[in-house]
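Source file: coords_37.txt. Holds: compact mmCIF, C-alpha atoms.
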# COMPACT_ATOMS: atom_id res chain seq x y z
CA MET V 1 -43.94 53.26 -93.54
CA PRO V 2 -40.69 51.83 -92.14
CA TYR V 3 -38.74 49.22 -94.07
CA THR V 4 -38.58 45.62 -92.95
CA GLU V 5 -35.07 44.37 -92.23
CA ASP V 6 -35.05 42.54 -95.58
CA GLU V 7 -36.20 45.65 -97.47
CA LEU V 8 -33.61 47.82 -95.74
CA HIS V 9 -30.90 45.28 -96.56
CA GLU V 10 -31.97 45.15 -100.21
CA LYS V 11 -32.10 48.94 -100.57
CA THR V 12 -28.65 49.42 -99.05
CA ARG V 13 -27.28 46.40 -100.97
CA ILE V 14 -28.20 48.02 -104.28
CA ILE V 15 -26.58 51.33 -103.33
CA ALA V 16 -23.47 49.65 -101.91
CA GLU V 17 -23.07 47.34 -104.90
CA GLN V 18 -23.03 50.35 -107.22
CA TYR V 19 -20.18 51.81 -105.16
CA TYR V 20 -18.13 48.75 -104.16
CA GLY V 21 -18.83 46.30 -107.01
CA THR V 22 -18.44 43.22 -104.83
CA ALA V 23 -20.39 41.03 -107.25
CA GLN V 24 -17.46 41.34 -109.67
CA ASP V 25 -14.74 40.76 -107.05
CA GLN V 26 -14.54 37.31 -105.49
CA ASN V 27 -11.99 38.56 -102.93
CA GLN V 28 -14.46 40.92 -101.21
CA ILE V 29 -17.24 40.04 -98.80
CA PRO V 30 -20.33 39.56 -100.97
CA ILE V 31 -23.27 41.82 -100.22
CA THR V 32 -25.94 39.14 -99.84
CA LYS V 33 -28.67 38.07 -97.49
CA ALA V 34 -26.39 35.25 -96.26
CA SER V 35 -23.51 37.63 -95.46
CA GLN V 36 -25.96 39.94 -93.68
CA GLN V 37 -27.16 37.01 -91.56
CA LYS V 38 -23.62 35.97 -90.67
CA LEU V 39 -22.75 39.52 -89.64
CA ARG V 40 -25.80 39.58 -87.35
CA GLN V 41 -24.66 36.24 -85.87
CA LEU V 42 -21.24 37.70 -85.14
CA HIS V 43 -22.99 40.58 -83.36
CA PRO V 44 -26.25 42.52 -83.94
CA SER V 45 -24.28 45.80 -84.08
CA ALA V 46 -22.02 44.55 -86.90
CA VAL V 47 -24.43 46.32 -89.28
CA LEU V 48 -25.98 49.62 -88.22
CA PHE V 49 -28.09 52.17 -90.10
CA GLN V 50 -28.93 55.85 -89.76
CA LEU V 51 -32.41 56.57 -91.09
CA ILE V 52 -33.87 59.98 -91.82
CA ASP V 53 -37.58 60.12 -92.55
CA GLY V 54 -37.46 56.33 -92.82
CA GLU V 55 -34.77 56.32 -95.52
CA PRO V 56 -31.25 54.94 -94.97
CA VAL V 57 -28.71 57.75 -95.30
CA SER V 58 -25.70 56.15 -93.65
CA TRP V 59 -24.67 52.66 -92.62
CA ILE V 60 -21.65 50.78 -91.39
CA VAL V 61 -20.49 47.20 -91.56
CA VAL V 62 -17.85 46.00 -89.12
CA VAL V 63 -16.48 42.48 -88.75
CA PRO V 64 -15.49 41.46 -85.23
CA THR V 65 -12.78 38.81 -85.50
CA THR V 66 -9.51 37.47 -84.12
CA ARG V 67 -6.25 39.38 -84.01
CA ILE V 68 -4.48 36.63 -85.97
CA LEU V 69 -6.91 36.94 -88.89
CA ALA V 70 -6.77 40.75 -88.65
CA GLU V 71 -3.00 40.84 -88.88
CA GLN V 72 -2.98 38.35 -91.77
CA PHE V 73 -5.47 40.56 -93.61
CA VAL V 74 -3.54 43.79 -92.99
CA ARG V 75 -0.35 42.14 -94.28
CA GLY V 76 -2.20 41.04 -97.43
CA GLU V 77 -1.87 37.33 -96.66
CA ILE V 78 -5.62 36.67 -96.84
CA THR V 79 -8.46 38.32 -98.73
CA GLU V 80 -11.40 40.14 -97.22
CA LYS V 81 -13.60 37.17 -98.10
CA ASN V 82 -11.13 34.78 -96.38
CA LEU V 83 -11.24 36.99 -93.29
CA PHE V 84 -15.04 36.87 -93.28
CA ASP V 85 -15.31 33.16 -94.02
CA GLN V 86 -12.82 32.21 -91.29
CA THR V 87 -14.38 34.43 -88.61
CA VAL V 88 -16.68 32.65 -86.18
CA PRO V 89 -19.00 33.98 -83.47
CA SER V 90 -17.34 34.60 -80.11
CA GLU V 91 -18.29 36.00 -76.72
CA ARG V 92 -15.45 38.54 -76.97
CA TYR V 93 -13.46 39.67 -80.00
CA GLU V 94 -9.79 40.66 -80.29
CA ALA V 95 -10.15 42.79 -83.42
CA LEU V 96 -12.66 44.90 -85.29
CA TYR V 97 -12.54 45.43 -89.06
CA PHE V 98 -14.08 48.66 -90.35
CA CYS V 99 -15.37 46.97 -93.49
CA SER V 100 -17.80 49.43 -94.98
CA VAL V 101 -18.71 52.95 -94.00
CA PHE V 102 -21.16 54.57 -96.37
CA THR V 103 -23.13 57.81 -96.32
CA VAL V 104 -25.16 59.05 -99.26
CA PRO V 105 -23.63 62.26 -100.67
CA ASP V 106 -26.39 64.64 -99.51
CA HIS V 107 -25.80 63.58 -95.88
CA GLN V 108 -22.01 63.38 -95.72
CA ARG V 109 -20.01 65.36 -93.16
CA LYS V 110 -22.84 65.33 -90.62
CA GLY V 111 -21.26 62.80 -88.26
CA TYR V 112 -23.67 59.94 -88.97
CA ALA V 113 -21.00 57.36 -89.88
CA THR V 114 -18.79 58.33 -86.94
CA ALA V 115 -21.72 57.98 -84.53
CA LEU V 116 -22.58 54.55 -85.97
CA LEU V 117 -18.97 53.39 -85.61
CA GLN V 118 -18.87 54.69 -82.06
CA GLN V 119 -22.03 52.71 -81.30
CA ALA V 120 -20.58 49.52 -82.83
CA ILE V 121 -17.34 49.89 -80.82
CA ALA V 122 -19.36 50.39 -77.63
CA ASP V 123 -21.80 47.53 -78.31
CA ILE V 124 -19.51 44.75 -79.55
CA PRO V 125 -17.64 42.98 -76.72
CA LEU V 126 -13.93 43.51 -77.36
CA THR V 127 -10.85 42.42 -75.46
CA LYS V 128 -8.91 44.96 -73.37
CA ASP V 129 -6.59 46.07 -76.19
CA PRO V 130 -8.51 45.48 -79.43
CA TYR V 131 -6.86 45.64 -82.84
CA PHE V 132 -8.79 48.03 -85.10
CA PHE V 133 -8.17 47.78 -88.82
CA GLY V 134 -9.45 48.87 -92.20
CA TRP V 135 -8.79 49.04 -95.91
CA THR V 136 -9.40 52.34 -97.67
CA PHE V 137 -10.63 52.71 -101.24
CA SER V 138 -11.17 56.47 -101.28
CA ALA V 139 -9.96 59.78 -99.88
CA GLU V 140 -13.12 59.82 -97.74
CA GLY V 141 -12.22 56.41 -96.32
CA ALA V 142 -8.71 57.54 -95.43
CA ALA V 143 -10.14 60.66 -93.77
CA MET V 144 -12.59 58.49 -91.78
CA HIS V 145 -9.77 56.35 -90.41
CA GLN V 146 -7.80 59.47 -89.43
CA ALA V 147 -10.91 60.90 -87.76
CA LEU V 148 -11.41 57.69 -85.76
CA THR V 149 -7.82 57.82 -84.58
CA LYS V 150 -8.20 61.45 -83.50
CA LYS V 151 -11.73 61.26 -82.05
CA PHE V 152 -11.49 57.94 -80.20
CA GLY V 153 -7.75 57.79 -79.51
CA ILE V 154 -7.42 54.43 -81.25
CA THR V 155 -4.92 53.19 -83.78
CA VAL V 156 -6.47 51.95 -87.02
CA HIS V 157 -4.13 49.59 -88.85
CA LEU V 158 -4.57 49.90 -92.60
CA ARG V 159 -4.11 47.33 -95.31
CA THR V 160 -1.90 48.82 -97.98
CA THR V 161 -1.98 45.98 -100.51
CA THR V 162 -4.62 45.58 -103.19

Structure rendered as structure tokens:
Amino acid sequence: MPYTEDELHEKTRIIAEQYYGTAQDQNQIPITKASQQKLRQLHPSAVLFQLIDGEPVSWIVVVPTTRILAEQFVRGEITEKNLFDQTVPSERYEALYFCSVFTVPDHQRKGYATALLQQAIADIPLTKDPYFFGWTFSAEGAAMHQALTKKFGITVHLRTTT
């Protein structure tokens, strides 16, 4: 039986919280029902899932935003939570933050996350020269950003401050 949207959110929230620990860090975007709703208001493809046999195996969270906020974030002038809180819905976005890319270990290296990111980039209305950016916490995250640059021919600006 497929999950409802709320059940899917709760299942992935538990897994993501174990990995990211946002409940203990007030500078990160909280993983809550309210943040999920805001992401969907920004764009329905801001959160995408890959299901296998009805179970979530990979998901992505992107935050479409303004270039000014993106550049402030990359320079370490604002926190991830500030970026999220100050972002408002728009018809077209100047920047796209690769916030969270997660694949359960048994399904890594199968292209699920890359396909989800490709779908988000295609679905979310972006300006002609969008500013793509991220913040890596792991070797896998760094590899994902390099893969995006190579596969899609885009530059991913990375935050280097903690």

### V:Asp129, V:Asp6, V:Asp106, V:Glu80 ranked by distance to Gln26 (chain V), top pick (using only C-alpha atoms)
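Closest to Gln26 (chain V) of all the choices is V:Glu80.
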
### Task
Rank nothing, just name the residue among V:Pro105, V:Gly153, V:Gly76, V:Pro56 nearest to Glu10 (chain V), using all atoms listed in the file.
V:Pro56

### Task
For region 141-149 of chain V, work out the shell of residues within 9 Å, counting all atoms listed in the file and skipping chain neighbours fewer than 4 positions away, then give it as a ChimeraX atom specification.
/V:98,101,113-114,117-118,133-137,153-158

Quick one: what's the axis-aligned box for region 1-19 of chain V, all listed atoms, 8 Å on every side, centre and edges in Å to one decimal, as AutoDock Vina command-line options?
--center_x -32.1 --center_y 47.9 --center_z -99.7 --size_x 39.8 --size_y 26.7 --size_z 31.1

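For the pair CA of Thr127 (chain V) and CA of Arg92 (chain V), the separation is 6.2 Å.
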
### Message
Can you measure CA of Glu91 (chain V) to CA of Lys38 (chain V) for me? One decimal in Å is fine.
### Response
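A separation of 14.9 Å between them.
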
### Straight-line distance linking CA of Glu7 (chain V) with CA of Ala95 (chain V), stated in Å to one decimal
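Computing it gives 29.7 Å between the two atoms.
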
Would you list the contacts of Leu39 (chain V) as a PDB file with C-alpha atoms, in the coordinates of the input, taking every protein, DNA or RNA residue within 10 Å and counting all atoms listed in the file, but skipping same-chain residues closer than 4 positions in sequence?
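part_19.pdb, freshly written:
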ATOM      1  CA  LYS V  33     -28.670  38.070 -97.490  1.00  0.00           C
ATOM      2  CA  ALA V  34     -26.390  35.250 -96.260  1.00  0.00           C
ATOM      3  CA  SER V  35     -23.510  37.630 -95.460  1.00  0.00           C
ATOM      4  CA  HIS V  43     -22.990  40.580 -83.360  1.00  0.00           C
ATOM      5  CA  PRO V  44     -26.250  42.520 -83.940  1.00  0.00           C
ATOM      6  CA  SER V  45     -24.280  45.800 -84.080  1.00  0.00           C
ATOM      7  CA  ALA V  46     -22.020  44.550 -86.900  1.00  0.00           C
ATOM      8  CA  VAL V  47     -24.430  46.320 -89.280  1.00  0.00           C
ATOM      9  CA  VAL V  61     -20.490  47.200 -91.560  1.00  0.00           C
ATOM     10  CA  VAL V  62     -17.850  46.000 -89.120  1.00  0.00           C
ATOM     11  CA  VAL V  63     -16.480  42.480 -88.750  1.00  0.00           C
ATOM     12  CA  PRO V  64     -15.490  41.460 -85.230  1.00  0.00           C
ATOM     13  CA  PHE V  84     -15.040  36.870 -93.280  1.00  0.00           C
ATOM     14  CA  THR V  87     -14.380  34.430 -88.610  1.00  0.00           C
ATOM     15  CA  VAL V  88     -16.680  32.650 -86.180  1.00  0.00           C
ATOM     16  CA  PRO V  89     -19.000  33.980 -83.470  1.00  0.00           C
TER      17      PRO V  89
END

### Query
Which residue gives the smallest distance to Ile14 (chain V) among V:Phe73, V:Lys150, V:Thr79, V:Ile31, with only C-alpha atoms counted?
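Of V:Phe73, V:Lys150, V:Thr79, V:Ile31, the one nearest Ile14 (chain V), counting only C-alpha atoms, is V:Ile31.
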
### Message
Could you check the closest approach to Leu83 (chain V) for each of V:Ile29, V:Ala115, V:Val104, V:Leu51 and tell me which residue wins, using only C-alpha atoms?
### Response
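That would be V:Ile29, the residue with the smallest distance to Leu83 (chain V).
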
### Message
Could you list, as a list in words, every residue within 12 Å of Gln50 (chain V), counting only C-alpha atoms and ignoring same-chain residues fewer than 2 positions away?
### Response
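Counting only C-alpha atoms, the residues come to Leu8, Thr12, Val47, Leu48, Ile52, Asp53, Gly54, Glu55, Pro56, Val57, Ser58, Trp59, Ile60, Val101, Phe102, Thr103, Val104, His107, Gln108, Lys110, Gly111, Tyr112, Ala113, Thr114, Ala115, Leu116, Leu117 and Gln119 of chain V.
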
### Message
For Glu77 (chain V), find every residue with an atom within 12 Å (counting all atoms listed in the file), except residues of its own chain fewer than 2 positions away, and show them as a list in words.
### Response
Asn27, Ile68, Leu69, Ala70, Glu71, Gln72, Phe73, Val74, Arg75, Thr79, Glu80, Lys81, Asn82, Leu83, Arg159, Thr160, Thr161 and Thr162 of chain V

Completion of region 127-159 of chain V up to N, CA and C atoms, as a tab-separated table (two decimals), keeping the file's coordinate frame:
chain	number	residue	atom	x	y	z
V	127	THR	N	-11.86	42.63	-76.49
V	127	THR	CA	-10.85	42.42	-75.46
V	127	THR	C	-10.28	43.76	-75.01
V	128	LYS	N	-9.43	43.72	-73.97
V	128	LYS	CA	-8.91	44.96	-73.37
V	128	LYS	C	-8.17	45.85	-74.37
V	129	ASP	N	-7.38	45.28	-75.24
V	129	ASP	CA	-6.59	46.07	-76.19
V	129	ASP	C	-6.93	45.61	-77.62
V	130	PRO	N	-8.10	45.99	-78.11
V	130	PRO	CA	-8.51	45.48	-79.43
V	130	PRO	C	-7.67	46.04	-80.57
V	131	TYR	N	-7.60	45.28	-81.62
V	131	TYR	CA	-6.86	45.64	-82.84
V	131	TYR	C	-7.90	46.14	-83.84
V	132	PHE	N	-7.87	47.43	-84.13
V	132	PHE	CA	-8.79	48.03	-85.10
V	132	PHE	C	-8.09	48.10	-86.45
V	133	PHE	N	-8.82	47.77	-87.51
V	133	PHE	CA	-8.17	47.78	-88.82
V	133	PHE	C	-9.16	48.08	-89.93
V	134	GLY	N	-8.61	48.51	-91.06
V	134	GLY	CA	-9.45	48.87	-92.20
V	134	GLY	C	-8.67	48.76	-93.50
V	135	TRP	N	-9.37	49.09	-94.57
V	135	TRP	CA	-8.79	49.04	-95.91
V	135	TRP	C	-9.49	50.15	-96.69
V	136	THR	N	-8.77	51.19	-97.04
V	136	THR	CA	-9.40	52.34	-97.67
V	136	THR	C	-9.39	52.22	-99.19
V	137	PHE	N	-10.49	52.68	-99.79
V	137	PHE	CA	-10.63	52.71	-101.24
V	137	PHE	C	-10.82	54.12	-101.77
V	138	SER	N	-10.88	55.10	-100.85
V	138	SER	CA	-11.17	56.47	-101.28
V	138	SER	C	-10.53	57.46	-100.31
V	139	ALA	N	-10.47	58.71	-100.75
V	139	ALA	CA	-9.96	59.78	-99.88
V	139	ALA	C	-10.86	59.92	-98.65
V	140	GLU	N	-12.17	59.73	-98.85
V	140	GLU	CA	-13.12	59.82	-97.74
V	140	GLU	C	-12.84	58.72	-96.71
V	141	GLY	N	-12.52	57.53	-97.21
V	141	GLY	CA	-12.22	56.41	-96.32
V	141	GLY	C	-10.97	56.68	-95.50
V	142	ALA	N	-9.94	57.21	-96.15
V	142	ALA	CA	-8.71	57.54	-95.43
V	142	ALA	C	-8.98	58.61	-94.37
V	143	ALA	N	-9.79	59.60	-94.73
V	143	ALA	CA	-10.14	60.66	-93.77
V	143	ALA	C	-10.92	60.09	-92.59
V	144	MET	N	-11.80	59.11	-92.86
V	144	MET	CA	-12.59	58.49	-91.78
V	144	MET	C	-11.66	57.78	-90.80
V	145	HIS	N	-10.69	57.05	-91.31
V	145	HIS	CA	-9.77	56.35	-90.41
V	145	HIS	C	-8.95	57.33	-89.57
V	146	GLN	N	-8.53	58.44	-90.18
V	146	GLN	CA	-7.80	59.47	-89.43
V	146	GLN	C	-8.70	60.10	-88.37
V	147	ALA	N	-9.96	60.32	-88.71
V	147	ALA	CA	-10.91	60.90	-87.76
V	147	ALA	C	-11.14	59.96	-86.57
V	148	LEU	N	-11.22	58.67	-86.85
V	148	LEU	CA	-11.41	57.69	-85.76
V	148	LEU	C	-10.21	57.71	-84.82
V	149	THR	N	-9.02	57.77	-85.39
V	149	THR	CA	-7.82	57.82	-84.58
V	149	THR	C	-7.84	59.06	-83.68
V	150	LYS	N	-8.19	60.19	-84.25
V	150	LYS	CA	-8.20	61.45	-83.50
V	150	LYS	C	-9.35	61.48	-82.48
V	151	LYS	N	-10.56	61.14	-82.91
V	151	LYS	CA	-11.73	61.26	-82.05
V	151	LYS	C	-11.75	60.25	-80.91
V	152	PHE	N	-11.37	59.01	-81.20
V	152	PHE	CA	-11.49	57.94	-80.20
V	152	PHE	C	-10.15	57.55	-79.58
V	153	GLY	N	-9.05	58.12	-80.07
V	153	GLY	CA	-7.75	57.79	-79.51
V	153	GLY	C	-7.35	56.35	-79.77
V	154	ILE	N	-7.76	55.80	-80.91
V	154	ILE	CA	-7.42	54.43	-81.25
V	154	ILE	C	-6.49	54.43	-82.46
V	155	THR	N	-5.75	53.37	-82.60
V	155	THR	CA	-4.92	53.19	-83.78
V	155	THR	C	-5.69	52.30	-84.74
V	156	VAL	N	-5.81	52.75	-85.98
V	156	VAL	CA	-6.47	51.95	-87.02
V	156	VAL	C	-5.38	51.49	-87.97
V	157	HIS	N	-5.13	50.18	-87.96
V	157	HIS	CA	-4.13	49.59	-88.85
V	157	HIS	C	-4.73	49.45	-90.23
V	158	LEU	N	-4.02	49.92	-91.24
V	158	LEU	CA	-4.57	49.90	-92.60
V	158	LEU	C	-3.85	48.91	-93.50
V	159	ARG	N	-4.65	48.21	-94.27
V	159	ARG	CA	-4.11	47.33	-95.31
V	159	ARG	C	-3.63	48.23	-96.43
